[in-house]
>>> print(open('query-v9.cif').read())   # mmCIF, N, CA and C atoms
data_work
loop_
_atom_site.label_atom_id
_atom_site.label_comp_id
_atom_site.auth_asym_id
_atom_site.auth_seq_id
_atom_site.Cartn_x
_atom_site.Cartn_y
_atom_site.Cartn_z
N MET A 1 -34.01 0.74 -1.48
CA MET A 1 -33.18 0.45 -2.62
C MET A 1 -32.94 -1.06 -2.69
N SER A 2 -33.02 -1.61 -3.87
CA SER A 2 -32.84 -3.06 -4.01
C SER A 2 -31.39 -3.46 -4.30
N GLN A 3 -30.55 -2.50 -4.61
CA GLN A 3 -29.14 -2.80 -4.89
C GLN A 3 -28.24 -2.02 -3.95
N SER A 4 -27.09 -2.61 -3.64
CA SER A 4 -26.06 -1.91 -2.89
C SER A 4 -24.96 -1.56 -3.87
N LEU A 5 -24.74 -0.29 -4.08
CA LEU A 5 -23.77 0.18 -5.06
C LEU A 5 -22.75 1.09 -4.38
N SER A 6 -21.51 0.98 -4.81
CA SER A 6 -20.49 1.87 -4.27
C SER A 6 -19.32 1.95 -5.23
N LYS A 7 -18.53 2.98 -5.05
CA LYS A 7 -17.26 3.12 -5.76
C LYS A 7 -16.32 3.82 -4.78
N LEU A 8 -15.52 3.01 -4.09
CA LEU A 8 -14.65 3.49 -3.03
C LEU A 8 -13.21 3.50 -3.50
N PHE A 9 -12.70 4.69 -3.81
CA PHE A 9 -11.29 4.82 -4.17
C PHE A 9 -10.49 4.87 -2.86
N ILE A 10 -9.49 3.99 -2.75
CA ILE A 10 -8.68 3.89 -1.55
C ILE A 10 -7.20 3.96 -1.91
N HIS A 11 -6.47 4.72 -1.12
CA HIS A 11 -5.01 4.79 -1.24
C HIS A 11 -4.45 4.10 0.00
N ILE A 12 -3.73 3.01 -0.22
CA ILE A 12 -3.16 2.21 0.87
C ILE A 12 -1.64 2.34 0.83
N VAL A 13 -1.05 2.51 2.01
CA VAL A 13 0.41 2.64 2.12
C VAL A 13 0.87 1.74 3.25
N TYR A 14 1.92 0.96 3.01
CA TYR A 14 2.52 0.18 4.09
C TYR A 14 4.00 -0.06 3.81
N HIS A 15 4.72 -0.43 4.87
CA HIS A 15 6.18 -0.43 4.89
C HIS A 15 6.72 -1.82 5.24
N ILE A 16 7.94 -2.08 4.84
CA ILE A 16 8.63 -3.31 5.21
C ILE A 16 9.02 -3.24 6.69
N LYS A 17 8.91 -4.36 7.37
CA LYS A 17 9.21 -4.41 8.80
C LYS A 17 10.72 -4.35 9.08
N ASN A 18 11.48 -5.17 8.38
CA ASN A 18 12.92 -5.30 8.62
C ASN A 18 13.67 -4.34 7.70
N LYS A 19 14.37 -3.38 8.26
CA LYS A 19 15.07 -2.38 7.46
C LYS A 19 16.28 -2.95 6.71
N ASN A 20 16.69 -4.16 7.04
CA ASN A 20 17.82 -4.79 6.34
C ASN A 20 17.39 -5.50 5.06
N ILE A 21 16.10 -5.64 4.88
CA ILE A 21 15.57 -6.26 3.66
C ILE A 21 14.87 -5.17 2.86
N TYR A 22 15.03 -5.19 1.57
CA TYR A 22 14.42 -4.19 0.72
C TYR A 22 13.89 -4.87 -0.54
N ILE A 23 12.97 -4.20 -1.19
CA ILE A 23 12.43 -4.71 -2.46
C ILE A 23 13.41 -4.32 -3.56
N ARG A 24 13.97 -5.33 -4.20
CA ARG A 24 14.93 -5.08 -5.28
C ARG A 24 14.19 -4.57 -6.52
N LYS A 25 14.85 -3.66 -7.24
CA LYS A 25 14.23 -3.07 -8.44
C LYS A 25 13.79 -4.14 -9.44
N GLU A 26 14.59 -5.18 -9.58
CA GLU A 26 14.26 -6.22 -10.56
C GLU A 26 13.06 -7.06 -10.14
N ASP A 27 12.62 -6.95 -8.90
CA ASP A 27 11.47 -7.73 -8.42
C ASP A 27 10.20 -6.90 -8.29
N LYS A 28 10.31 -5.58 -8.47
CA LYS A 28 9.16 -4.71 -8.27
C LYS A 28 7.98 -5.06 -9.18
N ASP A 29 8.22 -5.23 -10.46
CA ASP A 29 7.12 -5.50 -11.39
C ASP A 29 6.38 -6.79 -11.04
N ALA A 30 7.13 -7.83 -10.70
CA ALA A 30 6.50 -9.10 -10.33
C ALA A 30 5.70 -8.95 -9.05
N LEU A 31 6.26 -8.24 -8.06
CA LEU A 31 5.54 -8.01 -6.81
C LEU A 31 4.27 -7.21 -7.05
N TYR A 32 4.35 -6.14 -7.80
CA TYR A 32 3.18 -5.29 -8.04
C TYR A 32 2.11 -6.04 -8.83
N SER A 33 2.55 -6.87 -9.75
CA SER A 33 1.60 -7.70 -10.50
C SER A 33 0.89 -8.68 -9.55
N TYR A 34 1.65 -9.27 -8.66
CA TYR A 34 1.05 -10.19 -7.69
C TYR A 34 0.08 -9.46 -6.76
N LEU A 35 0.46 -8.28 -6.30
CA LEU A 35 -0.44 -7.48 -5.47
C LEU A 35 -1.74 -7.19 -6.22
N GLY A 36 -1.61 -6.86 -7.51
CA GLY A 36 -2.80 -6.61 -8.33
C GLY A 36 -3.70 -7.82 -8.42
N SER A 37 -3.11 -9.01 -8.51
CA SER A 37 -3.93 -10.23 -8.58
C SER A 37 -4.66 -10.48 -7.25
N ILE A 38 -4.02 -10.17 -6.14
CA ILE A 38 -4.68 -10.32 -4.83
C ILE A 38 -5.86 -9.34 -4.74
N ILE A 39 -5.64 -8.13 -5.18
CA ILE A 39 -6.70 -7.12 -5.16
C ILE A 39 -7.89 -7.60 -6.00
N LYS A 40 -7.62 -8.10 -7.21
CA LYS A 40 -8.69 -8.62 -8.07
C LYS A 40 -9.39 -9.81 -7.43
N ASP A 41 -8.63 -10.69 -6.77
CA ASP A 41 -9.23 -11.86 -6.10
C ASP A 41 -10.18 -11.44 -4.98
N ASN A 42 -10.04 -10.22 -4.51
CA ASN A 42 -10.91 -9.68 -3.47
C ASN A 42 -11.98 -8.75 -4.05
N ASP A 43 -12.34 -9.01 -5.31
CA ASP A 43 -13.40 -8.27 -6.01
C ASP A 43 -13.17 -6.76 -6.04
N SER A 44 -11.91 -6.38 -6.09
CA SER A 44 -11.56 -4.97 -6.15
C SER A 44 -10.77 -4.71 -7.43
N ILE A 45 -10.54 -3.44 -7.73
CA ILE A 45 -9.92 -3.07 -9.00
C ILE A 45 -8.63 -2.29 -8.73
N PRO A 46 -7.47 -2.87 -9.06
CA PRO A 46 -6.23 -2.10 -8.91
C PRO A 46 -6.15 -1.01 -9.98
N ILE A 47 -5.79 0.18 -9.56
CA ILE A 47 -5.59 1.28 -10.50
C ILE A 47 -4.10 1.48 -10.73
N LEU A 48 -3.34 1.59 -9.62
CA LEU A 48 -1.89 1.75 -9.74
C LEU A 48 -1.23 1.25 -8.46
N ILE A 49 -0.14 0.53 -8.63
CA ILE A 49 0.67 0.04 -7.51
C ILE A 49 2.11 0.47 -7.80
N ASN A 50 2.74 1.11 -6.83
CA ASN A 50 4.11 1.56 -7.00
C ASN A 50 4.71 1.81 -5.63
N GLY A 51 5.97 2.09 -5.60
CA GLY A 51 6.65 2.40 -4.35
C GLY A 51 8.14 2.48 -4.59
N ILE A 52 8.87 2.36 -3.50
CA ILE A 52 10.32 2.28 -3.60
C ILE A 52 10.75 1.06 -2.79
N GLU A 53 12.02 0.95 -2.51
CA GLU A 53 12.56 -0.29 -1.92
C GLU A 53 12.00 -0.64 -0.55
N ASN A 54 11.40 0.32 0.17
CA ASN A 54 10.97 0.01 1.53
C ASN A 54 9.48 0.14 1.79
N HIS A 55 8.69 0.52 0.80
CA HIS A 55 7.24 0.61 1.01
C HIS A 55 6.48 0.58 -0.31
N VAL A 56 5.17 0.39 -0.15
CA VAL A 56 4.29 0.24 -1.30
C VAL A 56 3.09 1.20 -1.16
N HIS A 57 2.67 1.75 -2.30
CA HIS A 57 1.43 2.53 -2.40
C HIS A 57 0.50 1.78 -3.34
N ILE A 58 -0.75 1.69 -2.96
CA ILE A 58 -1.77 1.06 -3.80
C ILE A 58 -2.92 2.04 -3.95
N LEU A 59 -3.34 2.29 -5.18
CA LEU A 59 -4.57 3.02 -5.45
C LEU A 59 -5.50 2.03 -6.10
N CYS A 60 -6.67 1.86 -5.52
CA CYS A 60 -7.61 0.88 -6.06
C CYS A 60 -9.05 1.30 -5.78
N VAL A 61 -9.95 0.63 -6.46
CA VAL A 61 -11.38 0.71 -6.14
C VAL A 61 -11.66 -0.51 -5.29
N MET A 62 -12.05 -0.28 -4.05
CA MET A 62 -12.24 -1.37 -3.10
C MET A 62 -13.67 -1.89 -3.13
N SER A 63 -13.80 -3.20 -3.07
CA SER A 63 -15.10 -3.85 -3.05
C SER A 63 -15.92 -3.40 -1.84
N LYS A 64 -17.21 -3.32 -2.02
CA LYS A 64 -18.11 -2.98 -0.91
C LYS A 64 -18.30 -4.16 0.02
N ASN A 65 -17.79 -5.33 -0.35
CA ASN A 65 -18.04 -6.57 0.40
C ASN A 65 -16.92 -6.96 1.35
N ILE A 66 -15.97 -6.08 1.59
CA ILE A 66 -14.86 -6.41 2.48
C ILE A 66 -14.47 -5.17 3.28
N ALA A 67 -14.10 -5.38 4.52
CA ALA A 67 -13.62 -4.27 5.36
C ALA A 67 -12.18 -3.95 4.98
N LEU A 68 -11.81 -2.69 5.13
CA LEU A 68 -10.45 -2.27 4.79
C LEU A 68 -9.41 -3.08 5.53
N SER A 69 -9.60 -3.33 6.82
CA SER A 69 -8.61 -4.09 7.59
C SER A 69 -8.43 -5.50 7.05
N LYS A 70 -9.52 -6.15 6.68
CA LYS A 70 -9.45 -7.51 6.12
C LYS A 70 -8.80 -7.47 4.73
N PHE A 71 -9.13 -6.47 3.95
CA PHE A 71 -8.57 -6.29 2.61
C PHE A 71 -7.04 -6.15 2.67
N VAL A 72 -6.55 -5.28 3.55
CA VAL A 72 -5.11 -5.07 3.68
C VAL A 72 -4.45 -6.32 4.25
N GLU A 73 -5.10 -7.00 5.17
CA GLU A 73 -4.57 -8.26 5.71
C GLU A 73 -4.38 -9.29 4.60
N GLU A 74 -5.35 -9.40 3.70
CA GLU A 74 -5.25 -10.31 2.56
C GLU A 74 -4.08 -9.94 1.65
N ILE A 75 -3.96 -8.66 1.35
CA ILE A 75 -2.90 -8.19 0.45
C ILE A 75 -1.53 -8.45 1.07
N LYS A 76 -1.34 -8.01 2.31
CA LYS A 76 -0.04 -8.13 2.96
C LYS A 76 0.32 -9.59 3.26
N GLY A 77 -0.62 -10.35 3.78
CA GLY A 77 -0.33 -11.75 4.13
C GLY A 77 0.04 -12.59 2.93
N ASN A 78 -0.76 -12.50 1.87
CA ASN A 78 -0.48 -13.29 0.67
C ASN A 78 0.80 -12.85 -0.03
N SER A 79 1.04 -11.54 -0.10
CA SER A 79 2.25 -11.07 -0.78
C SER A 79 3.50 -11.40 0.02
N SER A 80 3.41 -11.39 1.34
CA SER A 80 4.56 -11.74 2.17
C SER A 80 4.94 -13.21 1.97
N ARG A 81 3.93 -14.08 1.95
CA ARG A 81 4.22 -15.51 1.70
C ARG A 81 4.81 -15.71 0.31
N TRP A 82 4.28 -14.99 -0.67
CA TRP A 82 4.74 -15.12 -2.05
C TRP A 82 6.20 -14.67 -2.20
N ILE A 83 6.52 -13.49 -1.66
CA ILE A 83 7.86 -12.94 -1.87
C ILE A 83 8.93 -13.76 -1.16
N LYS A 84 8.59 -14.39 -0.04
CA LYS A 84 9.56 -15.24 0.68
C LYS A 84 10.01 -16.41 -0.18
N LYS A 85 9.14 -16.86 -1.09
CA LYS A 85 9.47 -17.98 -1.98
C LYS A 85 10.21 -17.52 -3.23
N LEU A 86 10.24 -16.23 -3.47
CA LEU A 86 10.84 -15.69 -4.69
C LEU A 86 12.35 -15.87 -4.71
N ASP A 87 13.00 -15.63 -3.56
CA ASP A 87 14.47 -15.66 -3.54
C ASP A 87 14.93 -15.68 -2.08
N VAL A 88 16.09 -16.21 -1.83
CA VAL A 88 16.65 -16.27 -0.49
C VAL A 88 16.82 -14.86 0.11
N HIS A 89 16.99 -13.86 -0.72
CA HIS A 89 17.08 -12.47 -0.26
C HIS A 89 15.88 -12.09 0.62
N TYR A 90 14.73 -12.68 0.33
CA TYR A 90 13.49 -12.34 1.02
C TYR A 90 13.10 -13.34 2.11
N SER A 91 13.98 -14.24 2.49
CA SER A 91 13.61 -15.31 3.43
C SER A 91 13.09 -14.79 4.77
N ASN A 92 13.53 -13.63 5.22
CA ASN A 92 13.06 -13.04 6.49
C ASN A 92 12.15 -11.84 6.26
N PHE A 93 11.56 -11.76 5.08
CA PHE A 93 10.72 -10.62 4.71
C PHE A 93 9.43 -10.60 5.51
N ALA A 94 9.01 -9.41 5.89
CA ALA A 94 7.70 -9.20 6.51
C ALA A 94 7.31 -7.74 6.32
N TRP A 95 6.00 -7.51 6.21
CA TRP A 95 5.48 -6.15 6.22
C TRP A 95 5.26 -5.72 7.67
N GLN A 96 5.34 -4.44 7.95
CA GLN A 96 4.99 -3.94 9.28
C GLN A 96 3.51 -4.26 9.53
N GLY A 97 3.15 -4.32 10.79
CA GLY A 97 1.77 -4.66 11.14
C GLY A 97 0.75 -3.62 10.72
N GLY A 98 1.13 -2.36 10.74
CA GLY A 98 0.17 -1.31 10.44
C GLY A 98 0.13 -0.93 8.97
N TYR A 99 -0.72 0.01 8.67
CA TYR A 99 -0.88 0.53 7.31
C TYR A 99 -1.62 1.85 7.38
N GLY A 100 -1.56 2.58 6.30
CA GLY A 100 -2.38 3.77 6.14
C GLY A 100 -3.41 3.49 5.07
N GLY A 101 -4.65 3.81 5.34
CA GLY A 101 -5.73 3.67 4.37
C GLY A 101 -6.46 4.99 4.25
N PHE A 102 -6.44 5.57 3.07
CA PHE A 102 -6.97 6.92 2.88
C PHE A 102 -8.00 6.92 1.76
N SER A 103 -9.17 7.50 2.04
CA SER A 103 -10.18 7.63 1.00
C SER A 103 -9.72 8.68 0.00
N VAL A 104 -10.07 8.46 -1.24
CA VAL A 104 -9.68 9.38 -2.31
C VAL A 104 -10.94 9.80 -3.05
N SER A 105 -11.16 11.08 -3.10
CA SER A 105 -12.30 11.62 -3.84
C SER A 105 -12.06 11.42 -5.33
N PRO A 106 -13.12 11.12 -6.09
CA PRO A 106 -12.93 11.00 -7.55
C PRO A 106 -12.29 12.25 -8.16
N SER A 107 -12.52 13.41 -7.55
CA SER A 107 -11.97 14.65 -8.10
C SER A 107 -10.45 14.75 -7.96
N VAL A 108 -9.84 13.98 -7.06
CA VAL A 108 -8.38 13.99 -6.90
C VAL A 108 -7.75 12.63 -7.20
N CYS A 109 -8.52 11.75 -7.78
CA CYS A 109 -8.01 10.41 -8.10
C CYS A 109 -6.82 10.49 -9.05
N GLU A 110 -6.90 11.33 -10.06
CA GLU A 110 -5.81 11.45 -11.04
C GLU A 110 -4.57 12.05 -10.38
N LYS A 111 -4.74 13.01 -9.51
CA LYS A 111 -3.63 13.61 -8.77
C LYS A 111 -2.95 12.55 -7.88
N THR A 112 -3.75 11.72 -7.23
CA THR A 112 -3.22 10.65 -6.38
C THR A 112 -2.48 9.63 -7.22
N ARG A 113 -3.04 9.27 -8.36
CA ARG A 113 -2.39 8.32 -9.27
C ARG A 113 -1.03 8.85 -9.71
N LYS A 114 -0.98 10.12 -10.05
CA LYS A 114 0.28 10.75 -10.48
C LYS A 114 1.29 10.76 -9.34
N TYR A 115 0.84 11.04 -8.12
CA TYR A 115 1.72 11.03 -6.96
C TYR A 115 2.34 9.64 -6.77
N ILE A 116 1.52 8.62 -6.86
CA ILE A 116 2.01 7.25 -6.69
C ILE A 116 2.95 6.87 -7.83
N GLU A 117 2.63 7.29 -9.02
CA GLU A 117 3.47 7.01 -10.18
C GLU A 117 4.87 7.62 -10.02
N ASP A 118 4.94 8.77 -9.36
CA ASP A 118 6.20 9.52 -9.24
C ASP A 118 6.93 9.26 -7.91
N GLN A 119 6.82 8.07 -7.36
CA GLN A 119 7.43 7.78 -6.07
C GLN A 119 8.94 8.01 -6.04
N GLU A 120 9.64 7.61 -7.07
CA GLU A 120 11.09 7.82 -7.11
C GLU A 120 11.42 9.31 -6.96
N LYS A 121 10.68 10.14 -7.66
CA LYS A 121 10.90 11.59 -7.61
C LYS A 121 10.61 12.14 -6.21
N TRP A 122 9.47 11.74 -5.63
CA TRP A 122 9.09 12.26 -4.32
C TRP A 122 10.10 11.89 -3.24
N HIS A 123 10.65 10.68 -3.34
CA HIS A 123 11.54 10.23 -2.28
C HIS A 123 12.97 10.71 -2.44
N LYS A 124 13.20 11.53 -3.42
CA LYS A 124 14.45 12.30 -3.47
C LYS A 124 14.33 13.52 -2.56
N LYS A 125 13.08 13.89 -2.26
CA LYS A 125 12.80 15.08 -1.46
C LYS A 125 12.44 14.75 -0.01
N MET A 126 11.87 13.58 0.23
CA MET A 126 11.40 13.25 1.57
C MET A 126 11.52 11.76 1.85
N THR A 127 11.65 11.43 3.13
CA THR A 127 11.72 10.03 3.54
C THR A 127 10.31 9.45 3.61
N PHE A 128 10.24 8.14 3.74
CA PHE A 128 8.94 7.50 3.93
C PHE A 128 8.26 8.06 5.19
N GLU A 129 9.03 8.20 6.26
CA GLU A 129 8.47 8.69 7.53
C GLU A 129 7.86 10.08 7.35
N GLU A 130 8.56 10.96 6.66
CA GLU A 130 8.03 12.31 6.39
C GLU A 130 6.77 12.24 5.52
N GLU A 131 6.80 11.38 4.54
CA GLU A 131 5.66 11.22 3.64
C GLU A 131 4.43 10.73 4.42
N TYR A 132 4.62 9.71 5.25
CA TYR A 132 3.51 9.12 5.98
C TYR A 132 2.89 10.12 6.96
N ILE A 133 3.73 10.86 7.67
CA ILE A 133 3.23 11.89 8.59
C ILE A 133 2.49 12.98 7.82
N MET A 134 2.97 13.31 6.62
CA MET A 134 2.28 14.28 5.78
C MET A 134 0.85 13.82 5.49
N PHE A 135 0.69 12.53 5.15
CA PHE A 135 -0.65 11.99 4.89
C PHE A 135 -1.52 12.03 6.14
N LEU A 136 -0.96 11.64 7.27
CA LEU A 136 -1.73 11.65 8.51
C LEU A 136 -2.22 13.05 8.84
N LYS A 137 -1.35 14.03 8.67
CA LYS A 137 -1.74 15.42 8.93
C LYS A 137 -2.78 15.91 7.92
N GLU A 138 -2.56 15.57 6.65
CA GLU A 138 -3.48 15.99 5.60
C GLU A 138 -4.89 15.46 5.84
N TYR A 139 -4.99 14.25 6.38
CA TYR A 139 -6.29 13.63 6.63
C TYR A 139 -6.79 13.89 8.05
N GLY A 140 -6.03 14.65 8.84
CA GLY A 140 -6.47 14.96 10.20
C GLY A 140 -6.53 13.76 11.11
N ILE A 141 -5.60 12.82 10.91
CA ILE A 141 -5.57 11.59 11.71
C ILE A 141 -4.64 11.80 12.90
N GLU A 142 -5.17 11.62 14.11
CA GLU A 142 -4.35 11.73 15.30
C GLU A 142 -3.43 10.52 15.41
N TYR A 143 -2.21 10.74 15.87
CA TYR A 143 -1.25 9.65 15.99
C TYR A 143 -0.25 9.97 17.09
N ASN A 144 0.39 8.93 17.57
CA ASN A 144 1.48 9.08 18.53
C ASN A 144 2.73 8.57 17.82
N GLU A 145 3.66 9.47 17.53
CA GLU A 145 4.84 9.10 16.75
C GLU A 145 5.65 7.99 17.42
N LYS A 146 5.54 7.87 18.72
CA LYS A 146 6.23 6.82 19.48
C LYS A 146 5.85 5.43 18.98
N TYR A 147 4.61 5.28 18.49
CA TYR A 147 4.12 3.97 18.07
C TYR A 147 4.02 3.79 16.56
N LEU A 148 4.38 4.81 15.79
CA LEU A 148 4.23 4.73 14.33
C LEU A 148 5.18 3.72 13.70
N TRP A 149 6.39 3.61 14.19
CA TRP A 149 7.42 2.88 13.46
C TRP A 149 7.79 1.55 14.08
N THR A 150 7.12 1.13 15.12
CA THR A 150 7.43 -0.15 15.75
C THR A 150 6.20 -1.05 15.75
N ASP A 151 6.44 -2.34 15.68
CA ASP A 151 5.34 -3.32 15.76
C ASP A 151 5.21 -3.83 17.17
#
>>> encode(input="query-v9.cif", output="structure tokens")
Amino acid sequence: MSQSLSKLFIHIVYHIKNKNIYIRKEDKDALYSYLGSIIKDNDSIPILINGIENHVHILCVMSKNIALSKFVEEIKGNSSRWIKKLDVHYSNFAWQGGYGGFSVSPSVCEKTRKYIEDQEKWHKKMTFEEEYIMFLKEYGIEYNEKYLWTD
């Protein structure tokens, strides 16, 4: 084959490190817009970015030219530097070191988009920790809960 072609739908989830700092509702749109620009700068396509005050979900088409770990490092590193400059509220802001990266089949892409869109609704029923463990179990990912929540 003379061309390398791909379409990789990825669902990325990550959490704020410091529980005393949260993403304010009035800053969400600007943050999500900035995250989208980082994704585009990495030759990828943002589909939907949403979350609540303590974590973010990203659904995107990821470029074939970057590893997932490098892609998430770019997103988290750049957005952390950006948000610290936004307001004194975020002066000690940091994302946790880890993340969840889940492949999404085109057949469930719309279902995943709807799930991310409805974050406020979902988190009336479950915590971030419950949600994250649900994803790990759904994808058959082995984990040690002792190390999930600490850096």
>>> resolve_selection(input="query-v9.cif", expression="the PyMOL selection byres ((chain A and resi 96) around 8)", output="PyMOL selection string")
chain A and resi 14-18+93-95+97-99+149-151
>>> atom_distance(input="query-v9.cif", atom1="CA of Ser91 (chain A)", atom2="CA of Gln119 (chain A)")
25.7 Å
>>> residues_around(input="query-v9.cif", residues="Ile49 (chain A)", least_positions_apart="5", cutoff="7 Å", atoms="all atoms listed in the file", output="mmCIF file with N, CA and C atoms, keeping the file's coordinate frame")
data_model
loop_
_atom_site.group_PDB
_atom_site.id
_atom_site.type_symbol
_atom_site.label_atom_id
_atom_site.label_comp_id
_atom_site.auth_asym_id
_atom_site.auth_seq_id
_atom_site.Cartn_x
_atom_site.Cartn_y
_atom_site.Cartn_z
ATOM 1 N N TYR A 32 4.350 -6.140 -7.800
ATOM 2 C CA TYR A 32 3.180 -5.290 -8.040
ATOM 3 C C TYR A 32 2.110 -6.040 -8.830
ATOM 4 N N VAL A 56 5.170 0.390 -0.150
ATOM 5 C CA VAL A 56 4.290 0.240 -1.300
ATOM 6 C C VAL A 56 3.090 1.200 -1.160
ATOM 7 N N HIS A 57 2.670 1.750 -2.300
ATOM 8 C CA HIS A 57 1.430 2.530 -2.400
ATOM 9 C C HIS A 57 0.500 1.780 -3.340
ATOM 10 N N ILE A 58 -0.750 1.690 -2.960
ATOM 11 C CA ILE A 58 -1.770 1.060 -3.800
ATOM 12 C C ILE A 58 -2.920 2.040 -3.950
ATOM 13 N N LEU A 59 -3.340 2.290 -5.180
ATOM 14 C CA LEU A 59 -4.570 3.020 -5.450
ATOM 15 C C LEU A 59 -5.500 2.030 -6.100
ATOM 16 N N ILE A 116 1.520 8.620 -6.860
ATOM 17 C CA ILE A 116 2.010 7.250 -6.690
ATOM 18 C C ILE A 116 2.950 6.870 -7.830
ATOM 19 N N GLU A 117 2.630 7.290 -9.020
ATOM 20 C CA GLU A 117 3.470 7.010 -10.180
ATOM 21 C C GLU A 117 4.870 7.620 -10.020
#
>>> resolve_selection(input="query-v9.cif", expression="the PyMOL selection byres ((chain A and resi 10) around 5)", output="ChimeraX atom specification")
/A:8-9,11-12,59-60,102-104
>>> axis_aligned_box(input="query-v9.cif", around="region 137-145 of chain A", padding_each_side="8 Å", output="AutoDock Vina command-line options")
--center_x -0.6 --center_y 12.0 --center_z 12.1 --size_x 28.4 --size_y 24.0 --size_z 28.9
>>> closest_residue(input="query-v9.cif", among="A:Ser44, A:His55, A:Lys111, A:Gly100", to="Ile133 (chain A)", atoms="only C-alpha atoms")
A:Gly100
>>> select_by_dssp(input="query-v9.cif", residues="chain A", states="strand (DSSP E or B)", output="MDAnalysis selection string")
chainID A and resid 8:16 45:52 55:62 95 100:103
>>> closest_residue(input="query-v9.cif", among="A:Ser80, A:Glu120, A:Glu145, A:Val61", to="Leu48 (chain A)", atoms="all atoms listed in the file")
A:Val61
